[in-house]
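What follows is protein_33.txt (compact mmCIF, C-alpha atoms).
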# COMPACT_ATOMS: atom_id res chain seq x y z
CA MET A 1 1.19 -13.95 -60.99
CA CYS A 2 -2.60 -14.33 -61.27
CA SER A 3 -2.21 -17.02 -63.96
CA GLN A 4 0.14 -19.04 -61.76
CA GLY A 5 -2.24 -18.60 -58.86
CA CYS A 6 -5.13 -19.91 -60.95
CA ILE A 7 -3.11 -23.04 -61.80
CA LEU A 8 -2.38 -23.68 -58.13
CA GLU A 9 -6.04 -23.09 -57.34
CA LYS A 10 -7.15 -25.67 -59.93
CA LEU A 11 -4.69 -28.14 -58.38
CA ARG A 12 -6.29 -27.34 -54.98
CA ILE A 13 -2.92 -26.32 -53.56
CA CYS A 14 -3.99 -22.81 -52.54
CA SER A 15 -6.35 -20.07 -53.62
CA MET A 16 -5.31 -17.66 -56.36
CA PRO A 17 -5.70 -14.57 -54.12
CA GLY A 18 -3.81 -16.33 -51.34
CA PHE A 19 -0.90 -17.11 -53.67
CA CYS A 20 -0.76 -13.52 -54.98
CA GLN A 21 -0.82 -12.12 -51.46
CA PHE A 22 1.94 -14.52 -50.39
CA LEU A 23 4.20 -13.29 -53.21
CA GLN A 24 3.61 -9.62 -52.46
CA ARG A 25 4.57 -10.18 -48.82
CA LEU A 26 8.04 -11.13 -50.06
CA LEU A 27 8.64 -7.62 -51.38
CA PRO A 28 10.85 -5.43 -49.18
CA VAL A 29 9.40 -2.45 -47.32
CA ARG A 30 11.78 0.49 -47.28
CA LYS A 31 12.31 2.46 -44.08
CA ASP A 32 12.49 6.23 -44.34
CA PRO A 33 14.30 8.03 -41.51
CA ASP A 34 12.20 11.15 -42.12
CA VAL A 35 8.78 9.50 -41.72
CA LEU A 36 7.28 7.93 -38.60
CA VAL A 37 5.26 4.85 -39.53
CA THR A 38 2.78 3.31 -37.09
CA ASN A 39 0.68 0.18 -37.59
CA LEU A 40 -2.75 0.48 -35.97
CA ARG A 41 -6.08 -1.28 -35.87
CA PHE A 42 -9.40 0.50 -36.16
CA GLY A 43 -11.57 -2.32 -34.84
CA THR A 44 -11.11 -5.19 -37.32
CA ILE A 45 -9.35 -2.99 -39.89
CA ASN A 46 -5.57 -2.82 -40.21
CA VAL A 47 -4.31 0.67 -41.00
CA ARG A 48 -0.88 2.28 -41.30
CA LEU A 49 -0.21 5.88 -40.30
CA PHE A 50 2.55 7.91 -41.96
CA ARG A 51 3.68 11.12 -40.23
CA PRO A 52 6.67 13.31 -41.13
CA LYS A 53 9.09 13.43 -38.19
CA ALA A 54 9.83 17.12 -38.65
CA VAL A 55 8.04 19.36 -36.18
CA SER A 56 5.11 21.30 -37.64
CA SER A 57 3.93 24.62 -36.21
CA SER A 58 0.36 23.95 -37.33
CA PRO A 59 -1.90 20.97 -38.04
CA ARG A 60 -1.00 19.11 -41.21
CA ARG A 61 -3.02 18.12 -44.23
CA GLY A 62 -4.68 14.70 -43.88
CA ILE A 63 -4.72 12.05 -46.62
CA VAL A 64 -6.61 8.77 -46.56
CA TYR A 65 -5.37 6.25 -49.13
CA TYR A 66 -7.22 3.13 -50.35
CA HIS A 67 -4.99 0.79 -52.32
CA GLY A 68 -5.78 -0.92 -55.61
CA GLY A 69 -5.45 -4.56 -56.57
CA GLY A 70 -8.95 -5.68 -57.53
CA ALA A 71 -9.62 -6.90 -53.96
CA VAL A 72 -7.19 -9.72 -54.83
CA ILE A 73 -3.75 -8.19 -54.26
CA GLY A 74 -2.57 -4.92 -52.79
CA GLY A 75 -2.11 -4.11 -49.14
CA LEU A 76 -0.29 -1.97 -46.61
CA ASP A 77 3.13 -3.37 -47.54
CA LEU A 78 2.72 -3.29 -51.32
CA TYR A 79 1.64 0.36 -51.17
CA HIS A 80 4.02 1.36 -48.39
CA ASN A 81 6.45 3.21 -50.66
CA VAL A 82 3.67 5.06 -52.50
CA CYS A 83 2.10 6.24 -49.25
CA ASN A 84 5.46 7.09 -47.68
CA LEU A 85 6.38 9.31 -50.63
CA LEU A 86 3.03 11.11 -50.61
CA ALA A 87 3.25 11.80 -46.87
CA LYS A 88 6.87 12.98 -47.09
CA LYS A 89 6.67 15.10 -50.24
CA THR A 90 3.44 16.82 -49.20
CA ASP A 91 4.25 17.12 -45.47
CA SER A 92 0.98 15.37 -44.65
CA VAL A 93 -0.39 12.81 -42.23
CA LEU A 94 -1.45 9.85 -44.35
CA LEU A 95 -3.65 6.94 -43.31
CA SER A 96 -3.36 3.83 -45.49
CA VAL A 97 -6.33 1.48 -45.11
CA GLY A 98 -5.72 -2.27 -45.18
CA TYR A 99 -9.28 -3.31 -45.94
CA ARG A 100 -10.25 -6.98 -45.96
CA LYS A 101 -10.38 -8.69 -49.35
CA LEU A 102 -10.48 -11.98 -51.24
CA PRO A 103 -10.47 -14.92 -50.83
CA HIS A 104 -12.33 -14.66 -47.52
CA TYR A 105 -14.14 -11.34 -47.94
CA HIS A 106 -16.27 -10.15 -50.83
CA TYR A 107 -18.39 -7.14 -51.70
CA PRO A 108 -19.37 -5.06 -49.74
CA VAL A 109 -16.85 -5.78 -46.93
CA SER A 110 -13.93 -3.86 -48.47
CA LEU A 111 -16.04 -0.75 -49.09
CA GLN A 112 -17.47 -0.83 -45.58
CA ASP A 113 -13.98 -1.23 -44.11
CA CYS A 114 -12.79 1.84 -46.04
CA LEU A 115 -15.83 3.84 -44.97
CA ASN A 116 -15.57 2.86 -41.30
CA ALA A 117 -11.82 3.56 -41.18
CA THR A 118 -12.36 6.97 -42.78
CA ILE A 119 -15.10 7.96 -40.33
CA HIS A 120 -12.93 6.85 -37.39
CA PHE A 121 -10.02 8.92 -38.73
CA LEU A 122 -12.22 11.97 -39.30
CA LYS A 123 -13.41 11.78 -35.70
CA SER A 124 -9.81 11.56 -34.43
CA LEU A 125 -8.05 14.26 -36.46
CA LYS A 126 -6.90 16.24 -33.44
CA LEU A 127 -5.17 13.15 -32.06
CA TYR A 128 -3.10 12.84 -35.25
CA GLY A 129 -2.41 16.54 -35.70
CA VAL A 130 -4.55 16.94 -38.82
CA ASP A 131 -6.26 20.11 -40.02
CA PRO A 132 -9.98 19.21 -40.30
CA SER A 133 -10.41 21.61 -43.22
CA ARG A 134 -7.77 19.83 -45.34
CA VAL A 135 -8.62 16.13 -45.50
CA VAL A 136 -8.33 14.40 -48.87
CA VAL A 137 -9.46 10.86 -49.74
CA SER A 138 -7.51 9.14 -52.49
CA GLY A 139 -6.98 5.77 -54.12
CA ASP A 140 -6.20 3.88 -57.29
CA SER A 141 -8.14 1.26 -59.25
CA ILE A 142 -10.65 -0.41 -56.89
CA GLY A 143 -9.31 1.94 -54.21
CA ALA A 144 -10.56 4.80 -56.37
CA THR A 145 -13.94 3.03 -56.49
CA ALA A 146 -13.86 3.26 -52.70
CA VAL A 147 -13.05 6.98 -52.95
CA ALA A 148 -16.12 7.60 -55.10
CA PHE A 149 -18.31 5.48 -52.82
CA ILE A 150 -17.10 7.15 -49.62
CA THR A 151 -17.35 10.76 -50.79
CA GLN A 152 -20.95 10.05 -51.82
CA ALA A 153 -21.75 8.20 -48.58
CA LEU A 154 -20.52 11.13 -46.48
CA VAL A 155 -22.53 13.80 -48.30
CA GLY A 156 -24.69 15.63 -45.80
CA ARG A 157 -22.93 14.31 -42.68
CA THR A 158 -22.68 17.04 -40.04
CA ASP A 159 -21.02 15.01 -37.27
CA ILE A 160 -17.63 14.80 -39.02
CA PRO A 161 -15.44 17.27 -40.95
CA LYS A 162 -16.30 17.80 -44.59
CA LEU A 163 -13.86 16.29 -47.08
CA ARG A 164 -11.75 18.87 -48.90
CA ALA A 165 -11.00 16.89 -52.08
CA GLN A 166 -10.96 13.46 -53.67
CA ILE A 167 -8.31 11.85 -55.89
CA LEU A 168 -9.22 9.00 -58.24
CA VAL A 169 -6.35 7.30 -60.07
CA TYR A 170 -7.52 5.07 -62.95
CA PRO A 171 -10.85 4.37 -61.21
CA ALA A 172 -13.46 1.70 -61.83
CA VAL A 173 -16.79 3.49 -61.43
CA GLN A 174 -19.10 0.91 -63.04
CA PHE A 175 -19.25 -2.79 -63.94
CA ILE A 176 -22.03 -2.41 -66.50
CA ASN A 177 -20.68 -1.25 -69.86
CA PHE A 178 -17.69 -3.39 -70.82
CA GLN A 179 -17.91 -2.29 -74.44
CA LEU A 180 -16.38 1.12 -73.94
CA PRO A 181 -13.55 1.72 -76.46
CA SER A 182 -10.80 1.30 -73.86
CA PHE A 183 -11.73 -2.38 -73.48
CA PRO A 184 -11.06 -3.55 -77.06
CA GLN A 185 -8.07 -1.20 -77.28
CA ASN A 186 -6.39 -2.60 -74.15
CA THR A 187 -7.81 -6.11 -73.91
CA ASN A 188 -4.40 -7.75 -73.56
CA PHE A 189 -2.37 -4.84 -72.22
CA PRO A 190 -0.63 -5.52 -68.89
CA ILE A 191 -0.86 -5.12 -65.95
CA LEU A 192 -4.65 -5.30 -66.06
CA THR A 193 -5.83 -7.35 -69.04
CA ARG A 194 -9.53 -7.72 -69.71
CA ASP A 195 -9.52 -11.35 -68.57
CA ILE A 196 -7.78 -10.54 -65.29
CA MET A 197 -10.20 -7.72 -64.67
CA MET A 198 -13.25 -9.90 -65.32
CA MET A 199 -11.88 -12.60 -63.04
CA CYS A 200 -11.48 -10.01 -60.26
CA VAL A 201 -14.94 -8.55 -60.87
CA CYS A 202 -16.66 -11.94 -60.78
CA ARG A 203 -14.86 -13.06 -57.65
CA TYR A 204 -15.33 -9.75 -55.84
CA LEU A 205 -19.06 -9.59 -56.64
CA ARG A 206 -19.60 -13.36 -56.24
CA ILE A 207 -20.78 -13.76 -59.81
CA ASP A 208 -20.26 -17.21 -61.31
CA SER A 209 -17.67 -17.08 -64.09
CA SER A 210 -20.19 -18.69 -66.46
CA TRP A 211 -21.84 -15.25 -66.70
CA LYS A 212 -18.65 -13.55 -67.85
CA ASP A 213 -19.67 -13.42 -71.53
CA ALA A 214 -23.11 -12.06 -70.62
CA LEU A 215 -21.44 -9.26 -68.68
CA LEU A 216 -19.01 -8.47 -71.49
CA LYS A 217 -21.74 -8.39 -74.14
CA GLY A 218 -24.30 -6.54 -72.05
CA ALA A 219 -26.81 -9.39 -72.16
CA CYS A 220 -27.57 -8.82 -68.47
CA ILE A 221 -28.78 -5.25 -69.00
CA PRO A 222 -32.56 -4.75 -69.42
CA ALA A 223 -33.51 -2.24 -72.09
CA HIS A 224 -35.30 0.06 -69.65
CA ILE A 225 -32.25 0.25 -67.38
CA TRP A 226 -29.95 1.07 -70.28
CA GLU A 227 -32.35 3.78 -71.44
CA LYS A 228 -32.21 5.28 -67.95
CA TYR A 229 -28.43 5.22 -67.56
CA LYS A 230 -26.98 5.51 -71.06
CA LYS A 231 -26.79 9.28 -70.59
CA TRP A 232 -23.96 8.53 -68.16
CA LEU A 233 -22.57 5.20 -69.41
CA SER A 234 -22.61 5.39 -73.19
CA SER A 235 -19.46 5.78 -75.27
CA ASP A 236 -21.18 8.79 -76.83
CA ASN A 237 -20.19 10.71 -73.70
CA LEU A 238 -16.48 10.24 -74.37
CA PRO A 239 -14.35 12.85 -76.12
CA GLU A 240 -14.09 12.11 -79.83
CA ARG A 241 -10.38 11.26 -79.71
CA PHE A 242 -11.04 8.37 -77.33
CA ARG A 243 -13.81 6.70 -79.31
CA LYS A 244 -13.09 7.31 -82.95
CA LYS A 245 -10.88 4.22 -83.46
CA TYR A 246 -12.33 1.48 -81.27
CA TYR A 247 -15.99 2.44 -80.96
CA GLN A 248 -18.13 -0.54 -82.03
CA GLY A 249 -21.56 0.37 -80.70
CA GLU A 250 -23.02 -1.16 -77.57
CA PHE A 251 -25.00 -4.21 -76.52
CA HIS A 252 -25.82 -6.23 -79.61
CA ALA A 253 -26.48 -9.37 -77.55
CA PRO A 254 -30.12 -10.27 -76.76
CA PHE A 255 -31.26 -9.72 -73.19
CA ASN A 256 -30.80 -12.72 -70.88
CA GLU A 257 -33.08 -12.53 -67.85
CA ALA A 258 -31.24 -15.28 -65.99
CA ALA A 259 -27.98 -13.36 -66.42
CA TYR A 260 -29.65 -10.20 -65.12
CA LEU A 261 -30.96 -11.95 -62.01
CA GLU A 262 -27.51 -13.31 -61.21
CA THR A 263 -25.68 -10.03 -61.79
CA ARG A 264 -28.19 -7.31 -60.91
CA HIS A 265 -26.12 -6.02 -57.97
CA ILE A 266 -23.84 -4.38 -60.58
CA PHE A 267 -26.50 -1.66 -60.69
CA GLU A 268 -26.15 -0.83 -56.99
CA VAL A 269 -24.61 2.62 -56.57
CA ALA A 270 -21.89 1.21 -54.30
CA ASN A 271 -20.66 -0.80 -57.32
CA ALA A 272 -21.45 1.91 -59.83
CA PRO A 273 -20.92 5.30 -58.17
CA ILE A 274 -21.37 6.96 -61.55
CA LEU A 275 -25.10 6.18 -61.15
CA ALA A 276 -25.54 8.36 -58.05
CA GLU A 277 -28.32 10.93 -58.22
CA ASP A 278 -27.52 14.43 -59.43
CA GLN A 279 -28.13 16.02 -56.03
CA ILE A 280 -25.45 13.77 -54.52
CA MET A 281 -22.95 14.33 -57.32
CA ALA A 282 -23.37 18.10 -57.09
CA GLN A 283 -22.24 18.09 -53.44
CA LEU A 284 -19.00 16.19 -53.98
CA PRO A 285 -15.67 17.90 -53.23
CA GLU A 286 -13.23 19.11 -55.85
CA THR A 287 -11.60 16.24 -57.67
CA LEU A 288 -8.44 15.07 -59.36
CA VAL A 289 -8.99 12.32 -61.94
CA VAL A 290 -5.99 10.47 -63.41
CA THR A 291 -6.40 8.28 -66.49
CA CYS A 292 -3.94 6.23 -68.54
CA GLU A 293 -4.07 5.66 -72.29
CA TRP A 294 -3.16 1.96 -72.11
CA ASP A 295 -5.73 0.93 -69.52
CA VAL A 296 -9.01 -0.96 -69.87
CA LEU A 297 -10.45 1.39 -67.23
CA ARG A 298 -9.44 4.57 -69.03
CA ASP A 299 -12.97 5.37 -70.16
CA ASP A 300 -14.42 4.84 -66.69
CA GLY A 301 -12.32 7.75 -65.51
CA LEU A 302 -13.35 9.88 -68.47
CA LEU A 303 -17.05 9.20 -67.91
CA TYR A 304 -16.81 10.01 -64.21
CA LYS A 305 -14.94 13.21 -64.99
CA LYS A 306 -17.78 14.31 -67.27
CA ARG A 307 -20.39 13.25 -64.73
CA LEU A 308 -18.78 15.46 -62.08
CA GLU A 309 -18.27 18.40 -64.43
CA ASP A 310 -21.89 18.26 -65.56
CA GLN A 311 -22.90 18.80 -61.93
CA GLY A 312 -20.54 21.74 -61.45
CA VAL A 313 -17.85 19.94 -59.44
CA PRO A 314 -14.37 21.42 -60.09
CA VAL A 315 -12.28 18.69 -61.75
CA THR A 316 -8.56 18.59 -62.48
CA TRP A 317 -7.71 15.93 -65.06
CA PHE A 318 -4.36 14.39 -65.88
CA HIS A 319 -4.05 11.88 -68.73
CA ALA A 320 -0.85 9.85 -69.01
CA GLU A 321 -0.40 9.17 -72.73
CA ASP A 322 2.24 6.53 -71.95
CA GLY A 323 0.53 5.26 -68.80
CA PHE A 324 -0.92 1.84 -68.01
CA HIS A 325 -2.97 0.43 -65.18
CA GLY A 326 -1.03 -0.03 -61.96
CA CYS A 327 1.98 1.95 -63.12
CA THR A 328 2.16 4.11 -59.99
CA LEU A 329 3.41 1.10 -58.04
CA LEU A 330 6.51 1.15 -60.23
CA PHE A 331 7.51 4.75 -59.57
CA ASP A 332 10.56 3.60 -57.59
CA SER A 333 11.37 0.44 -59.54
CA MET A 334 15.04 -0.44 -59.30
CA LEU A 335 14.95 -2.57 -62.47
CA LEU A 336 13.07 -0.47 -65.02
CA TYR A 337 12.27 3.22 -65.33
CA PHE A 338 8.68 4.16 -66.16
CA PRO A 339 8.30 7.89 -66.88
CA CYS A 340 4.50 7.61 -66.61
CA ALA A 341 4.74 6.46 -62.99
CA GLU A 342 6.97 9.37 -62.02
CA LYS A 343 4.73 11.84 -63.84
CA ILE A 344 1.59 10.62 -62.08
CA MET A 345 3.24 10.69 -58.66
CA ASN A 346 4.42 14.25 -59.34
CA VAL A 347 0.88 15.24 -60.33
CA LEU A 348 -0.48 13.79 -57.09
CA VAL A 349 2.12 15.62 -55.01
CA THR A 350 1.55 18.94 -56.79
CA TYR A 351 -2.23 18.65 -56.44
CA LEU A 352 -2.05 17.76 -52.75
CA CYS A 353 0.36 20.60 -52.01
CA GLY A 354 -2.25 22.96 -53.41
CA ILE A 355 -4.86 21.83 -50.86
Structure encoded using structure tokens:
Amino acid sequence: MCSQGCILEKLRICSMPGFCQFLQRLLPVRKDPDVLVTNLRFGTINVRLFRPKAVSSSPRRGIVYYHGGGAVIGGLDLYHNVCNLLAKKTDSVLLSVGYRKLPHYHYPVSLQDCLNATIHFLKSLKLYGVDPSRVVVSGDSIGATAVAFITQALVGRTDIPKLRAQILVYPAVQFINFQLPSFPQNTNFPILTRDIMMMCVCRYLRIDSSWKDALLKGACIPAHIWEKYKKWLSSDNLPERFRKKYYQGEFHAPFNEAAYLETRHIFEVANAPILAEDQIMAQLPETLVVTCEWDVLRDDGLLYKKRLEDQGVPVTWFHAEDGFHGCTLLFDSMLLYFPCAEKIMNVLVTYLCGI
């Protein structure tokens, strides 16, 4: 889909993100008689509210979901079935956030949309019948990046309820070290190949594609910055089983100052939540991290898991040995059965039911 979109973009017929979003709008949205679905707008942000129709004697658990898609694809419709299932199976009120994305909106618009929608929801919990002590933020891929960003941004806020937990499904928590073992292992593994990921990263962060190789080789990372952050970003922090086969060492390319100046916003904590200060990390809520073996972002999740654990945050980890990036979208596929998708969705439901 992305490859076809790039061809159309080169022919100046339409943008690649526009083409991908057009195709996903053709997918059917299933109606569930047991769930009330309401489309709303929080200011400029489209959101979709899922509420079980059954009467509840007490306020329900609240879930905020930020979809994946690299800020290129994804949306309320594409993730409708995922959100509907989570709301129904966990008897929760779920808010799905339709943040603005490419081609018209770049970093940091999507993150700010997710943050603003979450704050608005947290201030309106009584209206939606949500228990303020049981609100969970969740997301996959770049949506999980938003989860990490938002939980950190809300640390110390006293004007809104405190988040109960966060769920990160195959998260991207940094755009700095692209030489982690999961990258060479899964360079060409669908759905998210390395090239597709780098295209999304460059477009999202408004980095010219000519700097792609510098990013991949670490030529944009000054030595003093790597010395400061390698304690969190190095492959040495991964469990042995995940680095023994594909570990090649890191950053053999000479430093390129021009590349650094063009890409230095990758070191902003909003883009690399793994770089947050210890005192922020230590105040984050309990966490579920889901990783997949056949995913270029696998090691991001593993590094963030360790980062949280090192600061005393309770972490539940599920690793899908047969999983791949984006597989949760296929949990209800009518053409092919993917056990990994069903397993991950069951893990999410079980975890949420325990909140």
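Nearest residue to Arg48 of chain A, choosing from A:Glu321, A:Asp299, A:Asp34, A:Asp77 and counting all atoms listed in the file: A:Asp77.
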- Have a look at A:Gly62, A:Pro132, A:Gly323, A:Pro33 and name the one nearest to Ile160 of chain A; count only C-alpha atoms. A:Pro132
- Query: Between A:Met198, A:Leu36, A:Ala272, A:Val315, which is the closest to Trp211 of chain A once you count all atoms listed in the file?
  - Reply: A:Met198
- Find the spatial neighbours of Lys53 of chain A, counting only C-alpha atoms, within a cut-off of 12 Å - ignore same-chain residues fewer than 6 positions away - and output them as a PyMOL selection string. chain A and resi 32-38+60+84+87-88+91-93
Using all atoms listed in the file, tabulate the residues of segment 106-211 of chain A lying at most 12 Å from any atom of segment 324-330 of chain A, each with its closest atom pair and that distance in Å to one decimal, by chain and increasing residue number, as JSON lines.
{"residue": "A:Gly139", "atom": "CA", "partner": "A:Thr328", "partner_atom": "CA", "distance": 11.0}
{"residue": "A:Asp140", "atom": "CA", "partner": "A:Gly326", "partner_atom": "CA", "distance": 8.0}
{"residue": "A:Ser141", "atom": "CA", "partner": "A:Gly326", "partner_atom": "CA", "distance": 7.7}
{"residue": "A:Ile142", "atom": "CA", "partner": "A:Gly326", "partner_atom": "CA", "distance": 10.9}
{"residue": "A:Gly143", "atom": "CA", "partner": "A:Gly326", "partner_atom": "CA", "distance": 11.5}
{"residue": "A:Val169", "atom": "CA", "partner": "A:Thr328", "partner_atom": "CA", "distance": 9.1}
{"residue": "A:Tyr170", "atom": "CA", "partner": "A:His325", "partner_atom": "CA", "distance": 6.9}
{"residue": "A:Pro171", "atom": "CA", "partner": "A:His325", "partner_atom": "CA", "distance": 9.7}
{"residue": "A:Ala172", "atom": "CA", "partner": "A:His325", "partner_atom": "CA", "distance": 11.1}
{"residue": "A:Ser182", "atom": "CA", "partner": "A:Phe324", "partner_atom": "CA", "distance": 11.5}
{"residue": "A:Asn186", "atom": "CA", "partner": "A:Phe324", "partner_atom": "CA", "distance": 9.3}
{"residue": "A:Thr187", "atom": "CA", "partner": "A:His325", "partner_atom": "CA", "distance": 11.9}
{"residue": "A:Asn188", "atom": "CA", "partner": "A:Phe324", "partner_atom": "CA", "distance": 11.6}
{"residue": "A:Phe189", "atom": "CA", "partner": "A:Phe324", "partner_atom": "CA", "distance": 8.0}
{"residue": "A:Pro190", "atom": "CA", "partner": "A:His325", "partner_atom": "CA", "distance": 7.4}
{"residue": "A:Ile191", "atom": "CA", "partner": "A:His325", "partner_atom": "CA", "distance": 6.0}
{"residue": "A:Leu192", "atom": "CA", "partner": "A:His325", "partner_atom": "CA", "distance": 6.0}
{"residue": "A:Thr193", "atom": "CA", "partner": "A:His325", "partner_atom": "CA", "distance": 9.1}
{"residue": "A:Arg194", "atom": "CA", "partner": "A:His325", "partner_atom": "CA", "distance": 11.4}
{"residue": "A:Ile196", "atom": "CA", "partner": "A:His325", "partner_atom": "CA", "distance": 12.0}
{"residue": "A:Met197", "atom": "CA", "partner": "A:His325", "partner_atom": "CA", "distance": 10.9}
- Message: I want to know what sits within 10 Å of Ala153 of chain A, based on all atoms listed in the file, with residues of the same chain fewer than 3 positions away left out; could you give that as a ChimeraX atom specification?
- Response: /A:115,147-150,156-157,270,280
Please dump the current selection as a PDB file, in the frame of the given file; keep C-alpha atoms.
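File part-v7.pdb, as written:
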ATOM      1  CA  LEU A 115     -15.830   3.840 -44.970  1.00  0.00           C
ATOM      2  CA  VAL A 147     -13.050   6.980 -52.950  1.00  0.00           C
ATOM      3  CA  ALA A 148     -16.120   7.600 -55.100  1.00  0.00           C
ATOM      4  CA  PHE A 149     -18.310   5.480 -52.820  1.00  0.00           C
ATOM      5  CA  ILE A 150     -17.100   7.150 -49.620  1.00  0.00           C
ATOM      6  CA  GLY A 156     -24.690  15.630 -45.800  1.00  0.00           C
ATOM      7  CA  ARG A 157     -22.930  14.310 -42.680  1.00  0.00           C
ATOM      8  CA  ALA A 270     -21.890   1.210 -54.300  1.00  0.00           C
ATOM      9  CA  ILE A 280     -25.450  13.770 -54.520  1.00  0.00           C
TER      10      ILE A 280
END
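Computed from the coordinates, the atom CA of Trp232 of chain A to atom CA of Leu302 of chain A distance equals 10.7 Å.
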- Message: Set the distance at 12 Å and use only C-alpha atoms: which residues neighbour Asp213 of chain A once local chain neighbours fewer than 4 positions away are removed? I'd like the list as a PyMOL selection string.
- Response: chain A and resi 178-179+194-195+198-199+202+207-209+217-220+251+253+256+259+263
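Proximity ranking of A:Gly74, A:Gly68, A:Pro181, A:Pro339 relative to Gln248 of chain A places A:Pro181 first, based on all atoms listed in the file.
A straight line drawn from atom CA of Leu49 of chain A to atom CA of Tyr65 of chain A is 10.2 Å long.
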